[in-house]
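Text of the file data-v2.cif, holding mmCIF, C-alpha atoms:
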```
data_work
loop_
_atom_site.group_PDB
_atom_site.id
_atom_site.type_symbol
_atom_site.label_atom_id
_atom_site.label_comp_id
_atom_site.auth_asym_id
_atom_site.auth_seq_id
_atom_site.Cartn_x
_atom_site.Cartn_y
_atom_site.Cartn_z
ATOM 1 C CA MET A 1 41.591 -24.414 -76.757
ATOM 2 C CA GLY A 2 45.187 -23.291 -76.525
ATOM 3 C CA GLN A 3 47.361 -23.238 -73.476
ATOM 4 C CA ALA A 4 46.552 -19.555 -72.827
ATOM 5 C CA GLY A 5 42.803 -20.281 -72.978
ATOM 6 C CA GLU A 6 43.092 -23.171 -70.543
ATOM 7 C CA PHE A 7 45.118 -21.010 -68.169
ATOM 8 C CA GLY A 8 42.472 -18.263 -68.326
ATOM 9 C CA ALA A 9 39.638 -20.733 -67.740
ATOM 10 C CA GLN A 10 41.463 -22.182 -64.738
ATOM 11 C CA ARG A 11 41.886 -18.679 -63.284
ATOM 12 C CA VAL A 12 38.148 -18.069 -63.635
ATOM 13 C CA VAL A 13 37.357 -21.371 -61.903
ATOM 14 C CA ASN A 14 39.804 -20.531 -59.091
ATOM 15 C CA ALA A 15 38.230 -17.079 -58.686
ATOM 16 C CA ILE A 16 34.751 -18.617 -58.452
ATOM 17 C CA ILE A 17 35.933 -21.124 -55.820
ATOM 18 C CA VAL A 18 37.546 -18.370 -53.738
ATOM 19 C CA LEU A 19 34.418 -16.195 -54.026
ATOM 20 C CA GLU A 20 32.175 -19.101 -52.983
ATOM 21 C CA ALA A 21 34.419 -19.921 -50.001
ATOM 22 C CA HIS A 22 34.313 -16.269 -48.944
ATOM 23 C CA THR A 23 30.507 -16.235 -49.247
ATOM 24 C CA VAL A 24 30.161 -19.389 -47.115
ATOM 25 C CA ALA A 25 32.544 -18.012 -44.470
ATOM 26 C CA LYS A 26 30.629 -14.704 -44.370
ATOM 27 C CA ARG A 27 27.310 -16.556 -43.981
ATOM 28 C CA LYS A 28 28.696 -18.559 -41.038
ATOM 29 C CA GLN A 29 30.074 -15.389 -39.466
ATOM 30 C CA ASP A 30 26.704 -13.661 -39.813
ATOM 31 C CA GLN A 31 24.913 -16.633 -38.222
ATOM 32 C CA MET A 32 27.241 -16.545 -35.222
ATOM 33 C CA ALA A 33 27.092 -12.771 -34.784
ATOM 34 C CA LYS A 34 25.880 -11.150 -31.596
ATOM 35 C CA ARG A 35 22.081 -11.065 -31.381
ATOM 36 C CA MET A 36 20.210 -8.319 -29.620
ATOM 37 C CA ILE A 37 17.279 -10.223 -28.147
ATOM 38 C CA GLY A 38 15.952 -7.138 -26.419
ATOM 39 C CA ARG A 39 17.121 -3.777 -25.166
ATOM 40 C CA PHE A 40 19.003 -5.395 -22.253
ATOM 41 C CA VAL A 41 19.367 -9.041 -23.301
ATOM 42 C CA ILE A 42 21.932 -10.253 -25.830
ATOM 43 C CA ALA A 43 23.351 -13.555 -27.049
ATOM 44 C CA ASP A 44 26.982 -13.311 -28.151
ATOM 45 C CA PRO A 45 28.895 -16.487 -29.077
ATOM 46 C CA GLU A 46 32.019 -14.956 -27.522
ATOM 47 C CA ILE A 47 30.346 -14.385 -24.137
ATOM 48 C CA CYS A 48 29.188 -17.337 -22.013
ATOM 49 C CA HIS A 49 29.089 -19.630 -25.072
ATOM 50 C CA GLY A 50 26.253 -17.629 -26.611
ATOM 51 C CA GLN A 51 23.815 -18.066 -23.741
ATOM 52 C CA PRO A 52 21.614 -14.996 -23.169
ATOM 53 C CA THR A 53 23.262 -12.453 -20.867
ATOM 54 C CA PHE A 54 22.517 -8.910 -19.838
ATOM 55 C CA ARG A 55 24.177 -6.388 -22.143
ATOM 56 C CA GLY A 56 27.630 -5.340 -20.966
ATOM 57 C CA THR A 57 27.873 -8.169 -18.401
ATOM 58 C CA ARG A 58 28.520 -11.872 -18.138
ATOM 59 C CA ILE A 59 25.414 -12.272 -15.977
ATOM 60 C CA LEU A 60 23.242 -15.051 -17.355
ATOM 61 C CA VAL A 61 19.585 -14.197 -17.842
ATOM 62 C CA ALA A 62 18.749 -17.722 -16.627
ATOM 63 C CA ASP A 63 20.442 -17.006 -13.273
ATOM 64 C CA VAL A 64 18.356 -13.890 -12.713
ATOM 65 C CA LEU A 65 15.176 -15.679 -13.786
ATOM 66 C CA GLU A 66 15.966 -18.397 -11.218
ATOM 67 C CA GLN A 67 16.133 -15.683 -8.565
ATOM 68 C CA VAL A 68 12.803 -14.253 -9.715
ATOM 69 C CA ALA A 69 11.265 -17.752 -9.646
ATOM 70 C CA ALA A 70 12.587 -18.238 -6.105
ATOM 71 C CA GLY A 71 10.579 -15.188 -5.036
ATOM 72 C CA ILE A 72 13.518 -12.890 -4.383
ATOM 73 C CA ALA A 73 12.460 -9.230 -4.528
ATOM 74 C CA TRP A 74 13.626 -7.536 -7.703
ATOM 75 C CA GLU A 75 15.271 -4.754 -5.714
ATOM 76 C CA THR A 76 17.294 -7.388 -3.856
ATOM 77 C CA ILE A 77 18.333 -8.965 -7.160
ATOM 78 C CA VAL A 78 19.550 -5.559 -8.380
ATOM 79 C CA GLU A 79 21.555 -5.156 -5.160
ATOM 80 C CA GLU A 80 23.008 -8.668 -5.355
ATOM 81 C CA TRP A 81 24.289 -7.971 -8.875
ATOM 82 C CA ARG A 82 25.689 -4.616 -7.641
ATOM 83 C CA GLY A 83 23.443 -2.634 -9.964
ATOM 84 C CA ASN A 84 24.715 -4.400 -13.095
ATOM 85 C CA VAL A 85 21.166 -5.653 -13.719
ATOM 86 C CA SER A 86 18.475 -2.982 -13.540
ATOM 87 C CA LEU A 87 14.799 -3.333 -12.726
ATOM 88 C CA ASP A 88 14.050 -2.631 -16.402
ATOM 89 C CA ALA A 89 16.440 -5.425 -17.430
ATOM 90 C CA ILE A 90 14.738 -7.889 -15.066
ATOM 91 C CA SER A 91 11.347 -6.831 -16.383
ATOM 92 C CA GLU A 92 12.497 -7.427 -19.956
ATOM 93 C CA ALA A 93 13.882 -10.877 -19.048
ATOM 94 C CA VAL A 94 10.582 -11.868 -17.419
ATOM 95 C CA ARG A 95 8.638 -10.570 -20.428
ATOM 96 C CA LEU A 96 10.864 -12.503 -22.859
ATOM 97 C CA ALA A 97 10.572 -15.675 -20.761
ATOM 98 C CA SER A 98 6.801 -15.267 -20.657
ATOM 99 C CA GLN A 99 6.664 -14.844 -24.443
ATOM 100 C CA ALA A 100 8.877 -17.906 -24.947
ATOM 101 C CA PHE A 101 6.601 -19.917 -22.659
ATOM 102 C CA ARG A 102 3.502 -18.851 -24.588
ATOM 103 C CA ASP A 103 5.189 -19.648 -27.908
ATOM 104 C CA HIS A 104 6.562 -23.061 -26.912
ATOM 105 C CA SER A 105 4.525 -24.409 -23.978
ATOM 106 C CA ALA A 106 2.723 -26.967 -26.145
ATOM 107 C CA GLN A 107 6.057 -28.812 -26.520
ATOM 108 C CA TYR A 108 6.399 -29.520 -22.802
ATOM 109 C CA THR A 109 4.567 -32.062 -20.702
ATOM 110 C CA ALA A 110 5.290 -33.079 -17.136
ATOM 111 C CA PRO A 111 3.846 -36.632 -16.937
ATOM 112 C CA GLU A 112 3.630 -36.507 -13.155
ATOM 113 C CA TYR A 113 1.148 -33.631 -13.433
ATOM 114 C CA VAL A 114 -1.079 -34.927 -16.216
ATOM 115 C CA LEU A 115 -4.610 -35.254 -14.923
ATOM 116 C CA GLU A 116 -6.431 -38.470 -15.651
ATOM 117 C CA ARG A 117 -10.157 -38.929 -15.685
ATOM 118 C CA VAL A 118 -11.596 -40.755 -12.723
ATOM 119 C CA HIS A 119 -13.918 -43.518 -13.841
ATOM 120 C CA ALA A 120 -17.215 -43.555 -11.955
#
```

For the file at hand, write its structure as structure tokens.
Amino acid sequence: MGQAGEFGAQRVVNAIIVLEAHTVAKRKQDQMAKRMIGRFVIADPEICHGQPTFRGTRILVADVLEQVAAGIAWETIVEEWRGNVSLDAISEAVRLASQAFRDHSAQYTAPEYVLERVHA
């Protein structure tokens, strides 16, 4: 192969390397893109390190779920977040948490609550 052929082959190899690098970068970008988990709940790597928040806010879904678990009335939660979290958004968060629990509860065990058989 002459010098011109080697130069052309090298250009093709360089083009393939650049194309592959672009493809890998695009794949990583797509993986880190904002995810719409529900109508009100999103996970965006640029907001709160990708933890689920309510759309258009920096309010963590986990914080609101803690309030629900503490027995705070949903209307009070809405007021405390100055209307930035609606009743529908809270309902969606509870529904998503419930679904996650159903899907993954078999993975969790609290040893202090495991019942043992009493021998007679």

Query - Resolved residues for the PyMOL selection byres ((chain A and resi 95) around 12) as a list in words - result: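 Applied to this file, the PyMOL selection byres ((chain A and resi 95) around 12) selects Ile37, Gly38, Arg39, Phe40, Val41, Val61, Leu65, Asp88, Ala89, Ile90, Ser91, Glu92, Ala93, Val94, Leu96, Ala97, Ser98, Gln99, Ala100, Phe101 and Arg102 of chain A.
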
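When atom CA of Val85 of chain A is paired with atom CA of Ile47 of chain A, their separation reads 16.4 Å.
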
Query raised in the report: What separation in Å, quoted to one decimal, exists between atom CA of Pro52 of chain A and atom CA of Asn84 of chain A?
Result: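 Value for the atom CA of Pro52 of chain A-atom CA of Asn84 of chain A distance: 14.9 Å.
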
Query raised in the report: Rounded to one decimal in Å, what is the spacing between atom CA of Ala62 of chain A and atom CA of Glu79 of chain A?
Result: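 Between these atoms lies a distance of 17.2 Å.
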
Query raised in the report: With distances taken over only C-alpha atoms, which of A:Ser86, A:Gln10, A:Thr57, A:Gln107 is nearest to Trp74 of chain A?
Result: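 Among A:Ser86, A:Gln10, A:Thr57, A:Gln107, it is A:Ser86 that comes nearest to Trp74 of chain A.
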
Query raised in the report: In terms of the shortest atom-to-atom distance over all atoms listed in the file, which of A:Val68, A:Ala33, A:Ile59, A:Ala110 is closest to Glu46 of chain A?
Result: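 Under the stated criterion, the closest residue is A:Ala33.
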
Report task. Check the smallest atom-to-atom distance from each of A:His119, A:His49, A:His104, A:Phe54 to Trp81 of chain A using only C-alpha atoms, then report the winner. Result -> A:Phe54

Query raised in the report: Which one is closest to Gly56 of chain A: A:Asp44, A:Glu80, A:Glu75, A:Glu20? Count all atoms listed in the file.
Result: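 Closest candidate: A:Asp44.
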